[in-house]
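Dumped final_21.csv below, it's CSV, C-alpha atoms and all ligand atoms:
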chain,number,residue,atom,x,y,z
X,29,MET,CA,-3.0,-9.0,40.6
X,30,LEU,CA,-1.6,-9.6,37.2
X,31,PRO,CA,-4.1,-10.3,34.5
X,32,GLU,CA,-4.2,-13.8,32.9
X,33,PRO,CA,-2.4,-14.0,29.6
X,34,GLY,CA,-5.3,-15.1,27.4
X,35,PRO,CA,-6.3,-13.7,24.0
X,36,ALA,CA,-6.2,-10.0,23.1
X,37,ILE,CA,-10.0,-9.8,22.6
X,38,GLU,CA,-12.6,-12.2,23.8
X,39,VAL,CA,-16.2,-11.2,23.2
X,40,THR,CA,-19.2,-13.4,24.1
X,41,ASP,CA,-22.8,-13.0,22.9
X,42,LEU,CA,-22.4,-9.2,22.6
X,43,ARG,CA,-25.5,-7.2,21.8
X,44,LYS,CA,-26.1,-3.5,21.3
X,45,VAL,CA,-29.7,-2.4,20.8
X,46,TYR,CA,-30.6,1.1,19.6
X,47,GLY,CA,-34.4,1.6,20.1
X,48,GLU,CA,-35.9,-1.5,18.4
X,49,LYS,CA,-32.8,-2.3,16.3
X,50,ALA,CA,-30.0,-4.6,17.3
X,51,ALA,CA,-26.8,-2.9,15.7
X,52,VAL,CA,-24.8,-5.9,17.1
X,53,ASP,CA,-26.7,-9.0,17.7
X,54,GLY,CA,-25.0,-11.9,19.6
X,55,LEU,CA,-21.4,-11.4,18.5
X,56,THR,CA,-18.9,-14.0,19.7
X,57,LEU,CA,-15.3,-13.4,18.7
X,58,ARG,CA,-11.8,-14.3,19.8
X,59,VAL,CA,-8.6,-12.5,18.6
X,60,GLU,CA,-5.3,-14.0,19.7
X,61,ARG,CA,-2.4,-11.8,20.7
X,62,GLY,CA,-0.1,-10.9,17.9
X,63,CYS,CA,-2.8,-11.3,15.3
X,64,PHE,CA,-3.6,-8.8,12.5
X,65,PHE,CA,-7.3,-9.2,12.5
X,66,GLY,CA,-9.6,-7.8,9.7
X,67,PHE,CA,-13.2,-7.0,10.9
X,68,LEU,CA,-15.2,-6.6,7.7
X,69,GLY,CA,-18.8,-6.0,6.8
X,70,PRO,CA,-21.1,-3.9,4.7
X,71,ASN,CA,-22.2,-0.4,5.6
X,72,GLY,CA,-24.3,-0.5,8.8
X,73,ALA,CA,-23.2,-4.0,9.7
X,74,GLY,CA,-22.1,-3.1,13.2
X,75,LYS,CA,-18.3,-2.6,13.0
X,76,THR,CA,-18.1,0.8,14.5
X,77,THR,CA,-20.6,-0.1,17.2
X,78,THR,CA,-18.4,-3.1,18.1
X,79,ILE,CA,-15.2,-1.0,18.3
X,80,ARG,CA,-17.0,1.6,20.5
X,81,MET,CA,-18.0,-1.2,22.9
X,82,LEU,CA,-14.5,-2.7,22.9
X,83,MET,CA,-13.1,0.7,23.7
X,84,GLY,CA,-15.7,1.4,26.4
X,85,LEU,CA,-17.2,4.3,24.6
X,86,ALA,CA,-20.6,2.7,24.3
X,87,PRO,CA,-22.1,0.4,26.9
X,88,ALA,CA,-23.1,-3.1,25.6
X,89,THR,CA,-26.8,-4.0,26.0
X,90,SER,CA,-25.7,-7.5,27.0
X,91,GLY,CA,-22.8,-10.0,26.6
X,92,THR,CA,-19.2,-9.9,27.9
X,93,ILE,CA,-16.0,-8.3,26.7
X,94,ARG,CA,-12.6,-9.3,27.9
X,95,ILE,CA,-9.5,-7.4,26.6
X,96,LEU,CA,-5.9,-8.3,27.3
X,97,GLY,CA,-7.0,-10.3,30.4
X,98,HIS,CA,-9.2,-7.5,31.8
X,99,ASP,CA,-13.0,-7.2,31.9
X,100,MET,CA,-14.7,-4.3,30.1
X,101,PRO,CA,-16.3,-2.1,31.6
X,102,GLY,CA,-15.0,-3.1,35.1
X,103,ASP,CA,-11.3,-2.6,34.2
X,104,ALA,CA,-11.9,0.1,31.6
X,105,VAL,CA,-9.1,2.4,32.8
X,106,ALA,CA,-6.5,-0.4,32.7
X,107,ILE,CA,-7.8,-1.5,29.3
X,108,LYS,CA,-7.8,1.9,27.7
X,109,SER,CA,-4.2,2.5,28.8
X,110,LYS,CA,-3.1,-0.4,26.6
X,111,ILE,CA,-5.2,0.5,23.5
X,112,GLY,CA,-4.4,2.8,20.6
X,113,LEU,CA,-7.6,4.0,18.9
X,114,VAL,CA,-8.2,5.4,15.4
X,115,PRO,CA,-11.9,6.2,15.6
X,116,ASP,CA,-14.1,6.3,12.5
X,117,ASP,CA,-15.6,9.7,12.7
X,118,THR,CA,-12.4,11.3,14.1
X,119,LEU,CA,-13.0,11.9,17.7
X,120,LEU,CA,-10.4,14.6,17.5
X,121,PHE,CA,-10.6,18.0,19.0
X,122,ASP,CA,-11.1,20.5,16.1
X,123,HIS,CA,-9.9,23.4,18.2
X,124,LEU,CA,-6.4,21.9,18.9
X,125,THR,CA,-3.5,21.9,16.5
X,126,GLY,CA,-2.3,18.4,15.3
X,127,GLY,CA,0.8,18.8,17.6
X,128,GLU,CA,-1.3,19.8,20.6
X,129,PHE,CA,-3.6,16.9,20.1
X,130,ILE,CA,-0.9,14.2,19.8
X,131,GLU,CA,0.9,15.6,22.8
X,132,PHE,CA,-2.3,15.8,24.8
X,133,VAL,CA,-3.1,12.1,24.0
X,134,GLY,CA,0.5,11.2,25.1
X,135,ARG,CA,0.0,13.0,28.4
X,136,MET,CA,-3.4,11.4,28.9
X,137,TYR,CA,-1.7,8.0,28.6
X,138,GLY,CA,0.7,9.0,31.3
X,139,LEU,CA,3.8,10.1,29.4
X,140,GLY,CA,5.9,12.8,31.1
X,141,ARG,CA,5.8,16.2,29.4
X,142,PRO,CA,9.3,16.0,27.8
X,143,LEU,CA,8.8,12.5,26.4
X,144,ALA,CA,5.3,13.4,25.1
X,145,HIS,CA,6.7,16.5,23.5
X,146,GLN,CA,9.7,14.6,21.9
X,147,ARG,CA,7.5,11.8,20.6
X,148,THR,CA,5.0,14.3,19.2
X,149,SER,CA,7.7,16.0,17.3
X,150,GLU,CA,9.0,12.7,15.9
X,151,LEU,CA,5.5,11.6,14.9
X,152,LEU,CA,4.7,14.9,13.2
X,153,GLU,CA,7.8,14.5,11.2
X,154,LEU,CA,7.2,10.8,10.4
X,155,PHE,CA,3.6,11.5,9.2
X,156,GLU,CA,4.8,14.6,7.3
X,157,LEU,CA,2.6,16.8,9.4
X,158,HIS,CA,5.3,19.1,10.6
X,159,GLY,CA,4.0,22.1,8.6
X,160,ALA,CA,0.4,21.3,9.6
X,161,GLY,CA,1.4,20.7,13.2
X,162,ARG,CA,0.6,24.3,14.0
X,163,LYS,CA,-2.8,24.3,12.1
X,164,LEU,CA,-6.1,23.6,13.8
X,165,ILE,CA,-7.4,20.1,13.2
X,166,GLY,CA,-10.8,21.6,12.2
X,167,GLU,CA,-8.9,23.0,9.1
X,168,TYR,CA,-7.4,19.6,8.2
X,169,SER,CA,-8.4,17.5,5.2
X,170,LYS,CA,-9.9,14.0,5.9
X,171,GLY,CA,-6.6,12.2,5.2
X,172,MET,CA,-4.7,14.6,7.4
X,173,LYS,CA,-7.1,13.9,10.3
X,174,LYS,CA,-6.5,10.2,9.9
X,175,ARG,CA,-2.7,10.8,9.9
X,176,VAL,CA,-3.0,12.7,13.2
X,177,ALA,CA,-5.3,10.0,14.6
X,178,MET,CA,-2.8,7.3,13.7
X,179,ALA,CA,0.1,9.3,15.1
X,180,ALA,CA,-1.8,9.8,18.4
X,181,ALA,CA,-2.7,6.1,18.5
X,182,LEU,CA,1.0,5.2,18.4
X,183,ILE,CA,2.4,7.6,21.0
X,184,HIS,CA,2.2,5.3,24.0
X,185,ARG,CA,3.2,2.1,22.2
X,186,PRO,CA,-0.1,0.3,22.9
X,187,GLU,CA,-0.5,-3.5,23.0
X,188,LEU,CA,-3.7,-3.4,21.1
X,189,TYR,CA,-4.8,-1.2,18.2
X,190,LEU,CA,-8.4,-0.6,17.4
X,191,LEU,CA,-8.4,0.9,13.9
X,192,ASP,CA,-11.7,2.0,12.3
X,193,GLU,CA,-11.1,2.8,8.6
X,194,PRO,CA,-7.6,4.2,9.3
X,195,PHE,CA,-6.7,4.5,5.6
X,196,GLU,CA,-9.9,6.3,4.6
X,197,GLY,CA,-8.9,9.5,2.7
X,198,VAL,CA,-5.2,8.9,3.2
X,199,ASP,CA,-3.0,9.1,0.1
X,200,ALA,CA,-0.9,6.2,-1.2
X,201,VAL,CA,2.3,7.4,0.5
X,202,GLY,CA,0.6,7.9,3.8
X,203,ALA,CA,-1.2,4.5,3.5
X,204,ARG,CA,2.1,2.7,2.7
X,205,LEU,CA,3.7,4.4,5.8
X,206,MET,CA,0.8,3.3,8.0
X,207,LYS,CA,0.9,-0.3,6.7
X,208,ASP,CA,4.6,-0.6,7.3
X,209,ILE,CA,4.3,0.8,10.8
X,210,LEU,CA,1.4,-1.6,11.6
X,211,LEU,CA,3.1,-4.7,10.3
X,212,ASP,CA,6.2,-3.7,12.3
X,213,GLN,CA,4.0,-3.3,15.5
X,214,VAL,CA,2.6,-6.8,14.9
X,215,ARG,CA,6.1,-8.2,14.4
X,216,GLN,CA,6.9,-6.7,17.8
X,217,GLY,CA,3.9,-8.5,19.4
X,218,ALA,CA,1.1,-6.0,19.2
X,219,THR,CA,-2.4,-7.0,18.2
X,220,ILE,CA,-4.4,-5.2,15.5
X,221,PHE,CA,-8.2,-5.1,15.1
X,222,LEU,CA,-8.8,-3.3,11.8
X,223,THR,CA,-12.0,-2.4,9.9
X,224,SER,CA,-11.6,-1.4,6.3
X,225,HIS,CA,-13.6,-1.4,3.1
X,226,VAL,CA,-10.4,-1.7,1.1
X,227,LEU,CA,-10.3,-5.4,0.8
X,228,GLU,CA,-7.1,-5.6,-1.2
X,229,VAL,CA,-5.3,-4.0,1.8
X,230,VAL,CA,-7.0,-6.3,4.3
X,231,GLU,CA,-6.1,-9.3,2.1
X,232,ARG,CA,-2.4,-8.2,2.2
X,233,LEU,CA,-2.2,-7.4,5.9
X,234,CYS,CA,-4.5,-9.6,7.9
X,235,ASP,CA,-3.8,-13.1,9.2
X,236,ARG,CA,-7.4,-13.6,10.0
X,237,VAL,CA,-10.7,-12.1,8.9
X,238,ALA,CA,-14.3,-12.0,10.2
X,239,ILE,CA,-17.2,-10.7,8.2
X,240,ILE,CA,-20.1,-9.3,10.1
X,241,ASN,CA,-23.5,-8.8,8.5
X,242,GLN,CA,-26.5,-7.3,10.3
X,243,GLY,CA,-24.8,-7.5,13.6
X,244,ARG,CA,-23.8,-11.1,13.4
X,245,ILE,CA,-20.6,-13.0,12.4
X,246,ALA,CA,-21.2,-14.6,9.0
X,247,VAL,CA,-17.7,-16.1,8.7
X,248,ASP,CA,-14.5,-16.0,10.7
X,249,GLY,CA,-11.1,-17.6,10.1
X,250,PRO,CA,-7.8,-17.5,8.2
X,251,LEU,CA,-8.3,-16.4,4.6
X,252,SER,CA,-7.3,-19.8,3.3
X,253,GLU,CA,-10.0,-21.5,5.4
X,254,LEU,CA,-12.6,-18.9,4.3
X,255,ARG,CA,-11.7,-19.6,0.6
X,256,ALA,CA,-12.1,-23.3,1.1
X,257,GLY,CA,-15.3,-22.9,3.2
X,258,VAL,CA,-17.1,-20.6,0.8
X,259,ALA,CA,-15.9,-22.7,-2.2
X,260,ALA,CA,-17.2,-25.8,-0.6
X,261,ASP,CA,-20.7,-24.5,-0.2
X,262,PRO,CA,-22.8,-26.3,-2.8
X,263,ASP,CA,-25.2,-23.3,-3.0
X,264,ARG,CA,-22.3,-21.1,-4.0
X,265,PRO,CA,-20.6,-22.8,-6.9
X,266,GLY,CA,-17.2,-21.6,-8.2
X,267,THR,CA,-14.0,-21.0,-6.4
X,268,PRO,CA,-13.8,-17.5,-5.0
X,269,GLU,CA,-10.3,-16.1,-5.5
X,270,THR,CA,-10.2,-12.8,-3.8
X,271,LEU,CA,-11.5,-11.5,-0.5
X,272,GLU,CA,-13.9,-9.4,-2.5
X,273,ASP,CA,-15.3,-12.5,-4.0
X,274,ILE,CA,-15.8,-14.0,-0.6
X,275,PHE,CA,-17.2,-10.8,0.8
X,276,VAL,CA,-19.8,-10.5,-2.0
X,277,ARG,CA,-20.8,-14.1,-1.7
X,278,VAL,CA,-21.2,-14.0,2.1
X,279,VAL,CA,-23.0,-10.7,2.3
X,280,GLY,CA,-25.0,-11.1,-0.9
X,281,GLY,CA,-24.0,-9.2,-4.0
X,282,PRO,CA,-26.2,-6.5,-5.6
X,283,ALA,CA,-28.4,-7.0,-8.6
X,284,ARG,CA,-26.8,-6.1,-11.9
X,285,ALA,CA,-27.6,-2.4,-12.5
X,286,SER,CA,-28.3,-3.1,-16.2
X,287,GLU,CA,-31.0,-5.6,-15.2
X,288,SER,CA,-32.7,-3.7,-12.4
X,289,ILE,CA,-32.7,-0.2,-14.0
X,290,ASP,CA,-33.3,-0.5,-17.7
X,291,TRP,CA,-32.3,3.1,-18.6
X,292,LEU,CA,-28.8,2.7,-17.0
M,301,LIG,N1,-26.0,6.1,18.0
M,301,LIG,C1,-26.8,5.4,17.2
M,301,LIG,N2,-28.2,5.5,17.4
M,301,LIG,C2,-29.0,4.7,16.6
M,301,LIG,N3,-28.6,3.8,15.7
M,301,LIG,C3,-27.3,3.7,15.5
M,301,LIG,C4,-26.3,4.5,16.3
M,301,LIG,N4,-25.1,4.1,15.9
M,301,LIG,C5,-25.2,3.2,15.0
M,301,LIG,N5,-26.5,2.9,14.7
M,301,LIG,C6,-27.1,1.9,13.8
M,301,LIG,O1,-26.4,0.7,14.1
M,301,LIG,C7,-26.2,0.0,12.9
M,301,LIG,C8,-24.7,-0.3,12.8
M,301,LIG,O2,-24.0,0.9,12.6
M,301,LIG,P1,-22.4,0.9,12.6
M,301,LIG,O3,-21.9,2.4,12.5
M,301,LIG,O4,-21.8,0.1,13.7
M,301,LIG,O5,-22.0,0.2,11.2
M,301,LIG,P2,-20.7,0.0,10.4
M,301,LIG,O6,-20.5,-1.5,10.2
M,301,LIG,O7,-19.6,0.7,11.1
M,301,LIG,O8,-21.0,0.7,9.0
M,301,LIG,P3,-20.1,1.5,8.0
M,301,LIG,O9,-19.3,0.5,7.3
M,301,LIG,O10,-21.1,2.2,7.1
M,301,LIG,O11,-19.2,2.5,8.8
M,301,LIG,C9,-26.7,0.9,11.7
M,301,LIG,O12,-28.0,0.5,11.4
M,301,LIG,C10,-26.7,2.3,12.3
M,301,LIG,O13,-27.7,3.1,11.7

Could I get this file's structure written as structure tokens?
Amino acid sequence: MLPEPGPAIEVTDLRKVYGEKAAVDGLTLRVERGCFFGFLGPNGAGKTTTIRMLMGLAPATSGTIRILGHDMPGDAVAIKSKIGLVPDDTLLFDHLTGGEFIEFVGRMYGLGRPLAHQRTSELLELFELHGAGRKLIGEYSKGMKKRVAMAAALIHRPELYLLDEPFEGVDAVGARLMKDILLDQVRQGATIFLTSHVLEVVERLCDRVAIINQGRIAVDGPLSELRAGVAADPDRPGTPETLEDIFVRVVGGPARASESIDWL
């Protein structure tokens, strides 16, 4: 049976508890198809845990996940075949070369050997990894690992991208290339769920942004609405202009170092 059209991601009251601590604590979220969605939050807020649950890599403690019209974990295989993942802590295989890894991912997604081989070669070229394509991933720099992860995420032309800090450690040329590719994918109808601490990049790329704090959604909406909403809060005077302003206000900014540590 064909899945219903519906949103790309629909999450209801999602929780993930580790021991006594709720890493994700009642998350409800809807991401429409074709959206470039920025999922932000401070360190330890629950972003990676959420992506792991969306991808079926970590079971939820409770709540429901529906992706591209399928239920996770019930339809995990169907869902995974439509997702391109750039994981945070590079779930890559250190003992494979970049070329072997990309081709392996292509084969896992059902591409025939000649097509997986041809696309791997083109992706290595595009991401300027041709020289490194024969080196083991364990010997790669952080930025090179992210380049390989992004190349592998693209190989089967997924409908949905789950990208956990894809630009981390990537130089300006590589980051520009990734941004151009991602914007083009969205223009062609793909959906992108992106976490990044580089708020200027999120501000430029994303149609919609949610900020998660201590496992819960603090704000969620188009940037223009968030600006208006945060500015309209009487407890938070002033008009925030950048996403960084909004983020700091929502999450709670740090004390001034010069006031809290007198020797600094
Ligand atoms: N496997 C685990 N076992 C126990 N606690 C965990 C585990 N994974 C994550 N946590 C905890 O869950 C919380 C959320 O972690 P998570 O990695 O999802 O945050 P994050 O928003 O991705 O942070 P960052 O921006 O620093 O990458 C943290 O308190 C973390 O210590």

TODO: Could you report the residues within 6 Å of ligand LIG 301 (chain M), using only C-alpha atoms and all ligand atoms, as a count of residues only?
DONE: 11

TODO: Pick out the residues sitting within 12 Å of Val279 of chain X, and hand them over as JSON, numbers by chain; count all atoms listed in the file, and ignore anything fewer than 4 positions along from it in its own chain.
DONE: {"X": [68, 69, 70, 71, 73, 238, 239, 240, 241, 242, 243, 244, 245, 246, 247, 258, 271, 272, 273, 274, 275]}

Give as a PDB file with C-alpha atoms, keeping the file's coordinate frame every residue, naming chains and numbers as the document does, that has an atom within 10 Å of (-16.2, 0.7, 18.2), counting only C-alpha atoms.
ATOM      1  CA  GLY X  74     -22.100  -3.100  13.200  1.00  0.00           C
ATOM      2  CA  LYS X  75     -18.300  -2.600  13.000  1.00  0.00           C
ATOM      3  CA  THR X  76     -18.100   0.800  14.500  1.00  0.00           C
ATOM      4  CA  THR X  77     -20.600  -0.100  17.200  1.00  0.00           C
ATOM      5  CA  THR X  78     -18.400  -3.100  18.100  1.00  0.00           C
ATOM      6  CA  ILE X  79     -15.200  -1.000  18.300  1.00  0.00           C
ATOM      7  CA  ARG X  80     -17.000   1.600  20.500  1.00  0.00           C
ATOM      8  CA  MET X  81     -18.000  -1.200  22.900  1.00  0.00           C
ATOM      9  CA  LEU X  82     -14.500  -2.700  22.900  1.00  0.00           C
ATOM     10  CA  MET X  83     -13.100   0.700  23.700  1.00  0.00           C
ATOM     11  CA  GLY X  84     -15.700   1.400  26.400  1.00  0.00           C
ATOM     12  CA  LEU X  85     -17.200   4.300  24.600  1.00  0.00           C
ATOM     13  CA  ALA X  86     -20.600   2.700  24.300  1.00  0.00           C
ATOM     14  CA  LEU X 113      -7.600   4.000  18.900  1.00  0.00           C
ATOM     15  CA  VAL X 114      -8.200   5.400  15.400  1.00  0.00           C
ATOM     16  CA  PRO X 115     -11.900   6.200  15.600  1.00  0.00           C
ATOM     17  CA  ASP X 116     -14.100   6.300  12.500  1.00  0.00           C
ATOM     18  CA  LEU X 190      -8.400  -0.600  17.400  1.00  0.00           C
ATOM     19  CA  LEU X 191      -8.400   0.900  13.900  1.00  0.00           C
ATOM     20  CA  ASP X 192     -11.700   2.000  12.300  1.00  0.00           C
ATOM     21  CA  THR X 223     -12.000  -2.400   9.900  1.00  0.00           C
TER      22      THR X 223
END

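Counting only C-alpha atoms, Pro35 of chain X has the following residues at most 7 Å away, ignoring those fewer than 6 positions along the same chain: X:Arg58, X:Val59, X:Glu60, X:Arg61, X:Leu96.
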
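If only C-alpha atoms are the atoms counted, then among X:Arg135, X:Arg175, X:Arg236, X:Lys207 the closest residue to His158 of chain X is X:Arg175.
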
TODO: Scan for residues within 12 Å of the point (-5.5, 4.8, 11.1) in the coordinates of the file, using all atoms listed in the file, and reply as JSON, numbers by chain.
DONE: {"X": [112, 113, 114, 115, 116, 117, 118, 155, 170, 171, 172, 173, 174, 175, 176, 177, 178, 179, 180, 181, 182, 189, 190, 191, 192, 193, 194, 195, 196, 197, 198, 202, 203, 204, 205, 206, 207, 209, 210, 220, 221, 222, 223, 224]}

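Take atom CA of Gly54 of chain X and atom CA of Gly91 of chain X: the distance between them is 7.6 Å.
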
TODO: For Asp208 of chain X, list every protein, DNA or RNA residue within 12 Å, evaluated using only C-alpha atoms, and leave out those in the same chain fewer than 5 positions away; present the list as a list in words.
DONE: Val201, Gly202, Ala203, Gln213, Val214, Arg215, Val229, Arg232 and Leu233 of chain X

Open item on the list: At a cut-off of 9 Å, using all atoms listed in the file, what residues contact Ser149 of chain X? Leave out same-chain residues fewer than 2 positions from it and give the result as a PyMOL selection string.
Closed with: chain X and resi 127+131+144-147+151-154+158+161

TODO: Could you check which of X:Glu156, X:Ile165, X:Ile37, X:Gly257 is closest to His98 of chain X, using all atoms listed in the file?
DONE: X:Ile37

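Of the listed residues X:Gly138, X:Gly159, X:Gly62, X:Pro101, the one whose atoms come nearest to Gln216 of chain X is X:Gly62, with distances taken using all atoms listed in the file.
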
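Relative to atom CA of Ala36 of chain X, atom CA of Ile95 of chain X is found at 5.5 Å.
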
Task: Two-atom distance - atom CA of Phe64 of chain X, atom CA of Ala104 of chain X (Å) - done: 22.6 Å

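With distances restricted to all atoms listed in the file, X:Ile107 is the closest residue to Leu188 of chain X from X:Met136, X:Ile107, X:Met100, X:Cys234.
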
TODO: Using all atoms listed in the file, find the one residue out of X:Tyr137, X:Pro87, X:Thr148, X:Phe67 that sits nearest to Leu227 of chain X.
DONE: X:Phe67

Could N, CA and C atoms be built for segment 101-118 of chain X and written out as a CSV table (one decimal), in the frame of the given file?
chain,number,residue,atom,x,y,z
X,101,PRO,N,-16.8,-3.5,31.2
X,101,PRO,CA,-16.3,-2.1,31.6
X,101,PRO,C,-15.6,-2.1,32.9
X,102,GLY,N,-15.6,-3.2,33.7
X,102,GLY,CA,-15.0,-3.1,35.1
X,102,GLY,C,-13.6,-2.6,35.1
X,103,ASP,N,-12.7,-3.0,34.2
X,103,ASP,CA,-11.3,-2.6,34.2
X,103,ASP,C,-11.1,-1.6,33.1
X,104,ALA,N,-12.0,-0.7,32.8
X,104,ALA,CA,-11.9,0.1,31.6
X,104,ALA,C,-10.7,1.0,31.6
X,105,VAL,N,-10.2,1.5,32.8
X,105,VAL,CA,-9.1,2.4,32.8
X,105,VAL,C,-7.8,1.6,32.4
X,106,ALA,N,-7.7,0.4,33.0
X,106,ALA,CA,-6.5,-0.4,32.7
X,106,ALA,C,-6.5,-0.8,31.2
X,107,ILE,N,-7.7,-1.1,30.7
X,107,ILE,CA,-7.8,-1.5,29.3
X,107,ILE,C,-7.4,-0.4,28.4
X,108,LYS,N,-8.0,0.8,28.6
X,108,LYS,CA,-7.8,1.9,27.7
X,108,LYS,C,-6.3,2.4,27.7
X,109,SER,N,-5.6,2.1,28.8
X,109,SER,CA,-4.2,2.5,28.8
X,109,SER,C,-3.3,1.7,27.8
X,110,LYS,N,-3.9,0.5,27.5
X,110,LYS,CA,-3.1,-0.4,26.6
X,110,LYS,C,-3.6,-0.4,25.1
X,111,ILE,N,-4.6,0.5,24.8
X,111,ILE,CA,-5.2,0.5,23.5
X,111,ILE,C,-4.8,1.8,22.8
X,112,GLY,N,-4.5,1.6,21.5
X,112,GLY,CA,-4.4,2.8,20.6
X,112,GLY,C,-5.6,2.8,19.7
X,113,LEU,N,-6.3,3.9,19.6
X,113,LEU,CA,-7.6,4.0,18.9
X,113,LEU,C,-7.5,4.9,17.7
X,114,VAL,N,-7.9,4.5,16.5
X,114,VAL,CA,-8.2,5.4,15.4
X,114,VAL,C,-9.7,5.3,15.2
X,115,PRO,N,-10.4,6.3,15.6
X,115,PRO,CA,-11.9,6.2,15.6
X,115,PRO,C,-12.4,6.5,14.1
X,116,ASP,N,-13.6,6.1,13.8
X,116,ASP,CA,-14.1,6.3,12.5
X,116,ASP,C,-14.4,7.7,12.2
X,117,ASP,N,-15.2,8.4,13.1
X,117,ASP,CA,-15.6,9.7,12.7
X,117,ASP,C,-14.7,10.7,13.5
X,118,THR,N,-13.4,10.4,13.5
X,118,THR,CA,-12.4,11.3,14.1
X,118,THR,C,-12.9,12.0,15.3
